[in-house]
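Structure file run04.txt (compact mmCIF, C-alpha atoms) follows.
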# COMPACT_ATOMS: atom_id res chain seq x y z
CA ASN M 1 0.00 0.00 0.00
CA ARG M 2 1.26 3.44 -0.92
CA ARG M 3 -0.27 6.86 -1.02
CA ASP M 4 1.61 9.89 -2.19
CA ALA M 5 1.95 12.73 0.31
CA ARG M 6 0.36 15.14 -2.16
CA ASP M 7 -2.75 12.93 -2.26
CA VAL M 8 -3.03 12.96 1.52
CA ALA M 9 -2.78 16.74 1.54
CA GLU M 10 -5.59 16.95 -0.99
CA ASP M 11 -7.86 14.91 1.31
CA PHE M 12 -8.12 17.84 3.67
CA VAL M 13 -10.54 20.60 2.80
CA ARG M 14 -10.06 23.91 4.55
CA GLY M 15 -13.35 24.99 6.03
CA TYR M 16 -14.54 28.43 7.03
CA ALA M 17 -17.28 27.54 9.44
CA ALA M 18 -19.91 30.03 10.40
CA GLU M 19 -20.10 31.19 14.01
CA GLY M 20 -21.32 28.45 16.28
CA THR M 21 -20.87 25.70 13.67
CA ASP M 22 -19.28 22.48 14.92
CA GLY M 23 -16.06 21.73 13.05
CA TYR M 24 -16.07 18.02 13.97
CA PRO M 25 -16.12 15.62 12.22
CA PRO M 26 -14.02 17.07 9.40
CA SER M 27 -15.59 17.57 6.00
CA THR M 28 -13.25 14.94 4.55
CA ASP M 29 -11.31 12.06 6.04
CA VAL M 30 -7.86 10.80 5.19
CA THR M 31 -8.10 7.67 3.07
CA VAL M 32 -5.46 5.17 2.00
CA GLY M 33 -5.62 3.69 -1.48
CA HIS M 34 -3.87 0.53 -2.57
CA TYR M 35 -2.53 -0.84 -5.81
CA GLN M 36 -2.14 -4.55 -6.39
CA LEU M 37 1.23 -5.73 -7.63
CA VAL M 38 1.61 -9.31 -8.90
CA ALA M 39 5.02 -11.03 -9.10
CA ARG M 40 5.43 -11.52 -12.87
CA PRO M 41 8.12 -14.05 -13.87
CA TYR M 42 10.79 -13.07 -16.37
CA MET M 43 13.46 -15.54 -17.49
CA SER M 44 16.22 -15.67 -20.09
CA VAL M 45 18.70 -18.44 -20.99
CA GLU M 46 22.12 -17.96 -22.59
CA THR M 47 24.54 -20.66 -23.80
CA TRP M 48 28.13 -20.61 -25.07
CA SER M 49 30.60 -23.30 -26.07
CA TRP M 50 33.47 -24.59 -23.98
CA GLU M 51 35.81 -23.69 -26.83
CA LEU M 52 34.63 -20.08 -26.77
CA GLU M 53 35.32 -19.78 -23.06
CA GLU M 54 38.73 -21.49 -23.38
CA ASP M 55 39.87 -19.44 -26.37
CA SER M 56 38.38 -16.04 -25.52
CA ALA M 57 40.75 -13.28 -24.48
CA ILE M 58 37.92 -11.47 -22.70
CA SER M 59 35.66 -12.56 -19.89
CA VAL M 60 32.70 -14.47 -21.34
CA PRO M 61 30.71 -14.31 -18.05
CA ASP M 62 30.89 -10.49 -18.21
CA ILE M 63 29.49 -10.56 -21.76
CA VAL M 64 26.73 -12.95 -20.67
CA ALA M 65 25.82 -10.78 -17.68
CA ARG M 66 25.58 -7.72 -19.92
CA SER M 67 23.44 -9.68 -22.40
CA PHE M 68 21.06 -10.73 -19.60
CA THR M 69 20.76 -7.16 -18.35
CA GLN M 70 19.94 -5.82 -21.81
CA ARG M 71 17.43 -8.59 -22.56
CA MET M 72 15.62 -8.16 -19.27
CA ALA M 73 15.57 -4.38 -19.59
CA ARG M 74 14.04 -4.56 -23.08
CA ALA M 75 11.43 -7.12 -22.01
CA VAL M 76 10.39 -5.22 -18.87
CA GLN M 77 10.36 -1.89 -20.68
CA SER M 78 8.26 -3.19 -23.57
CA ASP M 79 5.75 -4.91 -21.27
CA PHE M 80 5.49 -1.84 -19.05
CA LEU M 81 4.24 0.03 -22.12
CA TYR M 82 2.25 -2.62 -24.01
CA GLY M 83 2.22 -5.87 -22.02
CA SER M 84 -0.88 -7.98 -21.43
CA GLY M 85 -1.62 -11.35 -19.89
CA ALA M 86 -1.32 -12.99 -16.50
CA ALA M 87 2.43 -13.62 -16.81
CA PHE M 88 3.37 -10.12 -17.95
CA ILE M 89 3.35 -6.58 -16.63
CA ASN M 90 0.07 -5.05 -17.75
CA GLY M 91 0.98 -2.21 -20.07
CA ILE M 92 0.16 1.38 -19.21
CA SER M 93 -1.13 1.97 -22.75
CA THR M 94 -4.41 0.42 -21.60
CA ALA M 95 -4.40 1.89 -18.08
CA VAL M 96 -7.88 2.90 -16.91
CA GLY M 97 -8.34 6.65 -17.12
CA LEU M 98 -5.20 7.38 -19.15
CA ASN M 99 -5.74 10.50 -21.26
CA VAL M 100 -5.41 9.61 -24.94
CA THR M 101 -5.11 12.36 -27.55
CA TYR M 102 -4.29 12.39 -31.25
CA GLU M 103 -2.14 14.54 -33.46
CA GLY M 104 -4.47 16.67 -35.54
CA GLY M 105 -7.27 16.23 -33.00
CA ALA M 106 -8.91 13.12 -34.46
CA SER M 107 -8.42 9.37 -34.67
CA PRO M 108 -6.52 8.26 -36.66
CA PRO M 109 -3.96 11.03 -36.11
CA ILE M 110 -3.11 13.46 -38.89
CA ALA M 111 0.42 14.37 -39.86
CA PRO M 112 1.29 17.84 -38.55
CA VAL M 113 0.44 20.52 -41.11
CA ALA M 114 -0.24 24.23 -40.82
CA ALA M 115 -3.98 23.68 -41.21
CA THR M 116 -4.26 21.53 -38.10
CA GLY M 117 -1.49 23.16 -36.10
CA TYR M 118 1.67 21.84 -34.51
CA ASN M 119 0.81 22.32 -30.86
CA TYR M 120 -0.51 18.91 -29.85
CA VAL M 121 2.51 18.20 -27.65
CA ASP M 122 1.75 21.43 -25.79
CA ALA M 123 -1.93 20.44 -25.62
CA ALA M 124 -1.05 17.07 -24.07
CA ILE M 125 1.07 18.79 -21.43
CA ALA M 126 -1.83 21.16 -20.74
CA ILE M 127 -4.20 18.21 -20.22
CA ASN M 128 -1.88 16.79 -17.56
CA ARG M 129 -1.65 20.14 -15.84
CA THR M 130 -5.44 20.54 -15.92
CA ALA M 131 -5.58 17.18 -14.11
CA LYS M 132 -3.30 18.70 -11.41
CA LEU M 133 -0.14 16.84 -12.43
CA ASP M 134 2.91 18.32 -14.14
CA VAL M 135 4.73 15.43 -15.82
CA ASP M 136 8.50 15.03 -15.69
CA MET M 137 8.90 12.46 -18.48
CA ILE M 138 7.91 12.71 -22.14
CA VAL M 139 8.78 9.37 -23.69
CA THR M 140 8.66 8.42 -27.36
CA SER M 141 10.53 6.39 -29.97
CA PRO M 142 13.81 7.60 -31.48
CA LEU M 143 12.15 7.70 -34.93
CA CYS M 144 9.23 9.83 -33.73
CA TYR M 145 11.59 12.16 -31.86
CA SER M 146 13.77 12.71 -34.92
CA LYS M 147 10.82 13.22 -37.30
CA TYR M 148 9.37 15.94 -35.09
CA GLY M 149 12.70 17.71 -35.42
CA LEU M 150 12.28 17.77 -39.20
CA LEU M 151 9.01 19.72 -39.21
CA LYS M 152 9.10 22.92 -41.26
CA ASN M 153 6.75 25.76 -42.04
CA THR M 154 5.58 26.80 -45.51
CA LEU M 155 8.75 28.86 -45.97
CA ASN M 156 10.83 25.73 -45.38
CA ASP M 157 12.10 27.06 -42.05
CA ALA M 158 12.56 24.61 -39.22
CA LEU M 159 9.82 24.94 -36.61
CA ARG M 160 10.89 26.22 -33.24
CA PRO M 161 9.31 24.43 -30.29
CA SER M 162 7.23 26.43 -27.86
CA PRO M 163 8.90 27.62 -24.63
CA THR M 164 7.05 24.87 -22.73
CA VAL M 165 8.31 22.08 -25.00
CA GLN M 166 11.77 23.64 -25.16
CA GLN M 167 12.04 23.32 -21.39
CA TYR M 168 11.60 19.55 -21.69
CA LEU M 169 14.10 19.45 -24.56
CA ASN M 170 16.56 21.24 -22.27
CA GLY M 171 15.83 18.86 -19.39
CA VAL M 172 14.35 21.55 -17.15
CA GLY M 173 10.61 21.04 -17.72
CA GLY M 174 7.73 20.27 -15.37
CA ALA M 175 7.17 21.17 -11.76
CA THR M 176 10.48 19.65 -10.65
CA GLY M 177 12.54 21.58 -13.18
CA GLU M 178 14.07 18.28 -14.28
CA GLY M 179 11.43 17.09 -16.76
CA ALA M 180 12.93 15.85 -20.01
CA PHE M 181 12.34 13.94 -23.24
CA TYR M 182 13.36 10.28 -23.28
CA THR M 183 13.50 7.86 -26.20
CA THR M 184 13.19 4.09 -26.28
CA THR M 185 12.84 1.51 -29.03
CA ALA M 186 10.27 -0.24 -26.81
CA ILE M 187 7.70 2.25 -28.15
CA LYS M 188 6.17 0.97 -31.37
CA ASP M 189 6.31 3.05 -34.54
CA THR M 190 3.87 1.04 -36.67
CA GLN M 191 0.48 0.76 -35.06
CA THR M 192 -3.08 0.45 -36.27
CA VAL M 193 -5.26 3.28 -34.99
CA GLY M 194 -8.88 3.08 -36.01
CA ALA M 195 -9.05 2.13 -39.67
CA ASP M 196 -5.61 3.55 -40.37
CA THR M 197 -2.65 1.19 -40.78
CA ALA M 198 -0.04 3.86 -41.51
CA ASP M 199 2.94 4.50 -39.28
CA VAL M 200 1.66 5.71 -35.92
CA SER M 201 3.84 6.21 -32.87
CA ASP M 202 3.08 6.96 -29.22
CA MET M 203 4.33 9.74 -27.02
CA TYR M 204 3.78 9.21 -23.29
CA PHE M 205 3.49 12.00 -20.73
CA LEU M 206 4.30 10.50 -17.34
CA TRP M 207 5.11 11.49 -13.77
CA SER M 208 7.90 9.23 -12.54
CA ASP M 209 6.74 9.36 -8.91
CA MET M 210 3.49 7.70 -10.00
CA VAL M 211 5.21 4.68 -11.56
CA TYR M 212 5.20 2.09 -8.78
CA TRP M 213 7.52 -0.91 -8.98
CA GLY M 214 7.33 -4.02 -6.85
CA ILE M 215 10.25 -6.46 -6.98
CA LYS M 216 9.61 -9.89 -5.48
CA HIS M 217 12.91 -11.42 -6.57
CA SER M 218 15.73 -9.26 -7.88
CA MET M 219 17.64 -10.43 -10.94
CA SER M 220 19.80 -13.48 -10.27
CA VAL M 221 21.86 -15.74 -12.53
CA LEU M 222 22.18 -19.51 -12.06
CA PRO M 223 24.86 -21.52 -13.95
CA LEU M 224 23.61 -24.54 -15.94
CA ARG M 225 26.82 -26.44 -16.61
CA GLU M 226 25.45 -29.98 -16.48
CA ARG M 227 22.36 -29.48 -18.63
CA PHE M 228 24.35 -28.63 -21.77
CA ALA M 229 27.49 -30.64 -21.02
CA THR M 230 26.87 -33.32 -23.68
CA ALA M 231 26.99 -30.55 -26.29
CA ARG M 232 30.22 -29.17 -24.76
CA THR M 233 28.33 -26.03 -23.85
CA ASN M 234 27.99 -23.90 -20.75
CA GLY M 235 24.76 -22.14 -19.93
CA ALA M 236 23.11 -19.81 -17.48
CA VAL M 237 19.56 -18.80 -16.65
CA CYS M 238 18.56 -15.32 -15.54
CA TRP M 239 15.50 -15.01 -13.28
CA LEU M 240 13.47 -12.00 -12.17
CA ARG M 241 10.00 -11.43 -10.66
CA LEU M 242 8.48 -7.98 -10.52
CA ASP M 243 5.50 -5.85 -11.46
CA ALA M 244 4.72 -2.20 -12.16
CA PHE M 245 1.68 0.00 -11.87
CA LEU M 246 0.83 3.48 -13.13
CA ALA M 247 -0.94 5.34 -10.33
CA HIS M 248 -3.23 8.26 -11.14
CA ALA M 249 -3.38 7.44 -14.83
CA GLU M 250 -6.15 9.99 -15.18
CA ALA M 251 -3.55 12.75 -14.74
CA GLN M 252 -1.08 11.36 -17.27
CA GLY M 253 -1.40 10.81 -20.98
CA LYS M 254 -0.58 9.31 -24.34
CA LEU M 255 -0.40 11.27 -27.58
CA GLN M 256 -0.65 9.23 -30.77
CA VAL M 257 1.25 10.87 -33.61
Can you turn what I pasted into structure tokens?
Amino acid sequence: NRRDARDVAEDFVRGYAAEGTDGYPPSTDVTVGHYQLVARPYMSVETWSWELEEDSAISVPDIVARSFTQRMARAVQSDFLYGSGAAFINGISTAVGLNVTYEGGASPPIAPVAATGYNYVDAAIAINRTAKLDVDMIVTSPLCYSKYGLLKNTLNDALRPSPTVQQYLNGVGGATGEGAFYTTTAIKDTQTVGADTADVSDMYFLWSDMVYWGIKHSMSVLPLRERFATARTNGAVCWLRLDAFLAHAEAQGKLQV
């Protein structure tokens, strides 16, 4: 169970009681919400030959450990965004209450042009702020990020981002002054939105304090020497159990572009 301090503060309503009016009980009571986290299993297996380990001039176990870390990070990151099913992190893209908006103002989204405006990133930020949350993470794919940088006006001049968006580009956006843009290949670039099957990407507007992680078993690696011995191969299995939850999804958002 976890409740952010800001939420607790909002549970109190300042009252200006008339003369002679009893102020007890209070107009609102402190409540504690809870979010269920389920230990989702993640596993990866890596093998390498005895000859490789004997002949290598570098440490094979170090390479294997790095491979495990990268594989697990990609799997967890992708599922955190789009995962579904009992064995996986349930993706935030389907979180109840998440604000979903579209470039151009309609589904499927429209490529940015002068007629529809270029301010949908600003509009998404404004939606979060209207919901009383100033996000500190704007996350999208590297391809989407780079294509936005190529937008030009009718005079073929590069578009300058608004002061609000520029703050995030500079890493000083949001209420904390540390809000920034982040890119990850875990965000899909080719999605079907409505009847449209063209390239559509997502841009998430998130508050990092509202991303709750629960780790049941931290990442561990177990050698599997005997299992692959008849093939003259060493092996290892990486094991992790965790879950994630997006709290207050109604104050965060996704822009489809």
Applying 12 Å and only C-alpha atoms, which residues near Ala126 of chain M remain after dropping the ones on its own chain fewer than 6 positions away? List them as a PDB file with C-alpha atoms, in the coordinates of the input.
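Result went into out_33.pdb, see below:
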ATOM      1  CA  ASN M  99      -5.740  10.500 -21.260  1.00  0.00           C
ATOM      2  CA  THR M 101      -5.110  12.360 -27.550  1.00  0.00           C
ATOM      3  CA  ASN M 119       0.810  22.320 -30.860  1.00  0.00           C
ATOM      4  CA  TYR M 120      -0.510  18.910 -29.850  1.00  0.00           C
ATOM      5  CA  LYS M 132      -3.300  18.700 -11.410  1.00  0.00           C
ATOM      6  CA  LEU M 133      -0.140  16.840 -12.430  1.00  0.00           C
ATOM      7  CA  ASP M 134       2.910  18.320 -14.140  1.00  0.00           C
ATOM      8  CA  VAL M 135       4.730  15.430 -15.820  1.00  0.00           C
ATOM      9  CA  THR M 164       7.050  24.870 -22.730  1.00  0.00           C
ATOM     10  CA  VAL M 165       8.310  22.080 -25.000  1.00  0.00           C
ATOM     11  CA  GLY M 174       7.730  20.270 -15.370  1.00  0.00           C
ATOM     12  CA  PHE M 205       3.490  12.000 -20.730  1.00  0.00           C
ATOM     13  CA  ALA M 251      -3.550  12.750 -14.740  1.00  0.00           C
ATOM     14  CA  GLN M 252      -1.080  11.360 -17.270  1.00  0.00           C
ATOM     15  CA  GLY M 253      -1.400  10.810 -20.980  1.00  0.00           C
TER      16      GLY M 253
END
In file coordinates, which residues lie within 12 Å of (12.3, 15.8, -30.4) using only C-alpha atoms, given as a PyMOL selection string? chain M and resi 121+138-151+159-161+165-171+180-183+203
List the spatial neighbours of Glu250 of chain M as a list in words - criterion: any atom at most 9 Å away, all atoms listed in the file, same-chain residues fewer than 3 positions off excluded.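 The residues that qualify are Ala95, Val96, Gly97, Leu98, Asn99, Asn128, Ala131, Ala247 and Gly253 of chain M.
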With only C-alpha atoms as the basis for distance, which of M:Gln77, M:Thr69, M:Ser56, M:Thr116 is at the shortest distance from Glu103 of chain M?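 For Glu103 of chain M, the nearest of the given residues is M:Thr116.
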Looking at M:Trp207, M:Trp239, M:Trp48, M:Tyr212, which one is nearest to Gly179 of chain M, with distances taken over all atoms listed in the file?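 Among the listed residues, the smallest separation from Gly179 of chain M belongs to M:Trp207.
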So, counting only C-alpha atoms, which residue among M:Leu246, M:Val113, M:Leu155, M:Met43 is closest to Val76 of chain M?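 Residue with the minimum atom-to-atom distance to Val76 of chain M: M:Met43.
If you look at atom CA of Pro108 of chain M and atom CA of Ser208 of chain M, they are 28.1 Å away from each other.
With distances restricted to all atoms listed in the file, M:Asp79 is the closest residue to Leu242 of chain M from M:Asp79, M:Asp189, M:Asp209, M:Asp62.
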Contacts of Ile215 of chain M at 9 Å (all atoms listed in the file; same-chain gap of 6+ positions) as a list of chain:residue names: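 Using all atoms listed in the file, the neighbours found are M:Ala39, M:Leu240, M:Arg241, M:Leu242, M:Asp243, M:Ala244.
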Print the selection's residues with C-alpha atoms to a file, as a PDB file, keeping the file's coordinate frame.
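New file selection.pdb:
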ATOM      1  CA  ALA M  39       5.020 -11.030  -9.100  1.00  0.00           C
ATOM      2  CA  LEU M 240      13.470 -12.000 -12.170  1.00  0.00           C
ATOM      3  CA  ARG M 241      10.000 -11.430 -10.660  1.00  0.00           C
ATOM      4  CA  LEU M 242       8.480  -7.980 -10.520  1.00  0.00           C
ATOM      5  CA  ASP M 243       5.500  -5.850 -11.460  1.00  0.00           C
ATOM      6  CA  ALA M 244       4.720  -2.200 -12.160  1.00  0.00           C
TER       7      ALA M 244
END
To one decimal place, how far is atom CA of Val237 of chain M from atom CA of Val221 of chain M in Å?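 Between these atoms lies a distance of 5.6 Å.
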With all atoms listed in the file as the basis for distance, which of M:Val60, M:Ala175, M:Ala236, M:Ile127 is at the shortest distance from Lys254 of chain M?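 Closest to Lys254 of chain M of all the choices is M:Ile127.
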Pick from M:Ser93, M:Ser59, M:Thr47, M:Thr176, whichever lies nearest to Phe80 of chain M using only C-alpha atoms: M:Ser93
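In this model, the gap between atom CA of Pro223 of chain M and atom CA of Met72 of chain M comes to 17.1 Å.
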Got a sec: who's within 9 Å of Asp199 of chain M, counting all atoms listed in the file, leaving out chain neighbours fewer than 6 positions off, as an MDAnalysis selection string? chainID M and resid 189:192 257
Just add N, CA and C atoms to segment 172-195 of chain M and send it as a PDB file, in the coordinates of the input.
ATOM      1  N   VAL M 172      14.709  20.736 -18.309  1.00  0.00           N
ATOM      2  CA  VAL M 172      14.350  21.550 -17.150  1.00  0.00           C
ATOM      3  C   VAL M 172      12.839  21.786 -17.112  1.00  0.00           C
ATOM      4  N   GLY M 173      12.049  20.871 -17.651  1.00  0.00           N
ATOM      5  CA  GLY M 173      10.610  21.040 -17.720  1.00  0.00           C
ATOM      6  C   GLY M 173       9.893  20.568 -16.468  1.00  0.00           C
ATOM      7  N   GLY M 174       8.564  20.786 -16.444  1.00  0.00           N
ATOM      8  CA  GLY M 174       7.730  20.270 -15.370  1.00  0.00           C
ATOM      9  C   GLY M 174       7.906  20.996 -14.060  1.00  0.00           C
ATOM     10  N   ALA M 175       7.157  20.538 -13.069  1.00  0.00           N
ATOM     11  CA  ALA M 175       7.170  21.170 -11.760  1.00  0.00           C
ATOM     12  C   ALA M 175       8.506  21.007 -11.047  1.00  0.00           C
ATOM     13  N   THR M 176       9.214  19.906 -11.333  1.00  0.00           N
ATOM     14  CA  THR M 176      10.480  19.650 -10.650  1.00  0.00           C
ATOM     15  C   THR M 176      11.638  20.417 -11.272  1.00  0.00           C
ATOM     16  N   GLY M 177      11.435  20.928 -12.492  1.00  0.00           N
ATOM     17  CA  GLY M 177      12.540  21.580 -13.180  1.00  0.00           C
ATOM     18  C   GLY M 177      13.538  20.603 -13.743  1.00  0.00           C
ATOM     19  N   GLU M 178      13.184  19.314 -13.740  1.00  0.00           N
ATOM     20  CA  GLU M 178      14.070  18.280 -14.280  1.00  0.00           C
ATOM     21  C   GLU M 178      13.369  17.426 -15.341  1.00  0.00           C
ATOM     22  N   GLY M 179      12.168  17.844 -15.759  1.00  0.00           N
ATOM     23  CA  GLY M 179      11.430  17.090 -16.760  1.00  0.00           C
ATOM     24  C   GLY M 179      12.140  17.106 -18.100  1.00  0.00           C
ATOM     25  N   ALA M 180      12.165  15.969 -18.778  1.00  0.00           N
ATOM     26  CA  ALA M 180      12.930  15.850 -20.010  1.00  0.00           C
ATOM     27  C   ALA M 180      12.254  14.902 -20.990  1.00  0.00           C
ATOM     28  N   PHE M 181      12.722  14.920 -22.239  1.00  0.00           N
ATOM     29  CA  PHE M 181      12.340  13.940 -23.240  1.00  0.00           C
ATOM     30  C   PHE M 181      13.226  12.711 -23.097  1.00  0.00           C
ATOM     31  N   TYR M 182      12.616  11.533 -23.266  1.00  0.00           N
ATOM     32  CA  TYR M 182      13.360  10.280 -23.280  1.00  0.00           C
ATOM     33  C   TYR M 182      12.933   9.473 -24.503  1.00  0.00           C
ATOM     34  N   THR M 183      13.837   8.702 -25.058  1.00  0.00           N
ATOM     35  CA  THR M 183      13.500   7.860 -26.200  1.00  0.00           C
ATOM     36  C   THR M 183      13.797   6.403 -25.889  1.00  0.00           C
ATOM     37  N   THR M 184      12.984   5.516 -26.455  1.00  0.00           N
ATOM     38  CA  THR M 184      13.190   4.090 -26.280  1.00  0.00           C
ATOM     39  C   THR M 184      12.619   3.341 -27.475  1.00  0.00           C
ATOM     40  N   THR M 185      13.330   2.328 -27.922  1.00  0.00           N
ATOM     41  CA  THR M 185      12.840   1.510 -29.030  1.00  0.00           C
ATOM     42  C   THR M 185      11.718   0.587 -28.592  1.00  0.00           C
ATOM     43  N   ALA M 186      11.392   0.565 -27.288  1.00  0.00           N
ATOM     44  CA  ALA M 186      10.270  -0.240 -26.810  1.00  0.00           C
ATOM     45  C   ALA M 186       8.938   0.343 -27.266  1.00  0.00           C
ATOM     46  N   ILE M 187       8.918   1.625 -27.633  1.00  0.00           N
ATOM     47  CA  ILE M 187       7.700   2.250 -28.150  1.00  0.00           C
ATOM     48  C   ILE M 187       7.564   1.914 -29.629  1.00  0.00           C
ATOM     49  N   LYS M 188       6.410   1.420 -30.010  1.00  0.00           N
ATOM     50  CA  LYS M 188       6.170   0.970 -31.370  1.00  0.00           C
ATOM     51  C   LYS M 188       5.970   2.158 -32.308  1.00  0.00           C
ATOM     52  N   ASP M 189       6.470   2.009 -33.535  1.00  0.00           N
ATOM     53  CA  ASP M 189       6.310   3.050 -34.540  1.00  0.00           C
ATOM     54  C   ASP M 189       5.252   2.711 -35.581  1.00  0.00           C
ATOM     55  N   THR M 190       4.880   1.442 -35.698  1.00  0.00           N
ATOM     56  CA  THR M 190       3.870   1.040 -36.670  1.00  0.00           C
ATOM     57  C   THR M 190       2.701   0.440 -35.923  1.00  0.00           C
ATOM     58  N   GLN M 191       1.644   1.217 -35.787  1.00  0.00           N
ATOM     59  CA  GLN M 191       0.480   0.760 -35.060  1.00  0.00           C
ATOM     60  C   GLN M 191      -0.786   1.056 -35.866  1.00  0.00           C
ATOM     61  N   THR M 192      -1.781   0.224 -35.643  1.00  0.00           N
ATOM     62  CA  THR M 192      -3.080   0.450 -36.270  1.00  0.00           C
ATOM     63  C   THR M 192      -3.940   1.261 -35.317  1.00  0.00           C
ATOM     64  N   VAL M 193      -4.398   2.407 -35.784  1.00  0.00           N
ATOM     65  CA  VAL M 193      -5.260   3.280 -34.990  1.00  0.00           C
ATOM     66  C   VAL M 193      -6.529   3.505 -35.776  1.00  0.00           C
ATOM     67  N   GLY M 194      -7.633   3.006 -35.261  1.00  0.00           N
ATOM     68  CA  GLY M 194      -8.880   3.080 -36.010  1.00  0.00           C
ATOM     69  C   GLY M 194      -8.774   2.257 -37.276  1.00  0.00           C
ATOM     70  N   ALA M 195      -9.135   2.832 -38.388  1.00  0.00           N
ATOM     71  CA  ALA M 195      -9.050   2.130 -39.670  1.00  0.00           C
ATOM     72  C   ALA M 195      -7.737   2.394 -40.368  1.00  0.00           C
TER      73      ALA M 195
END
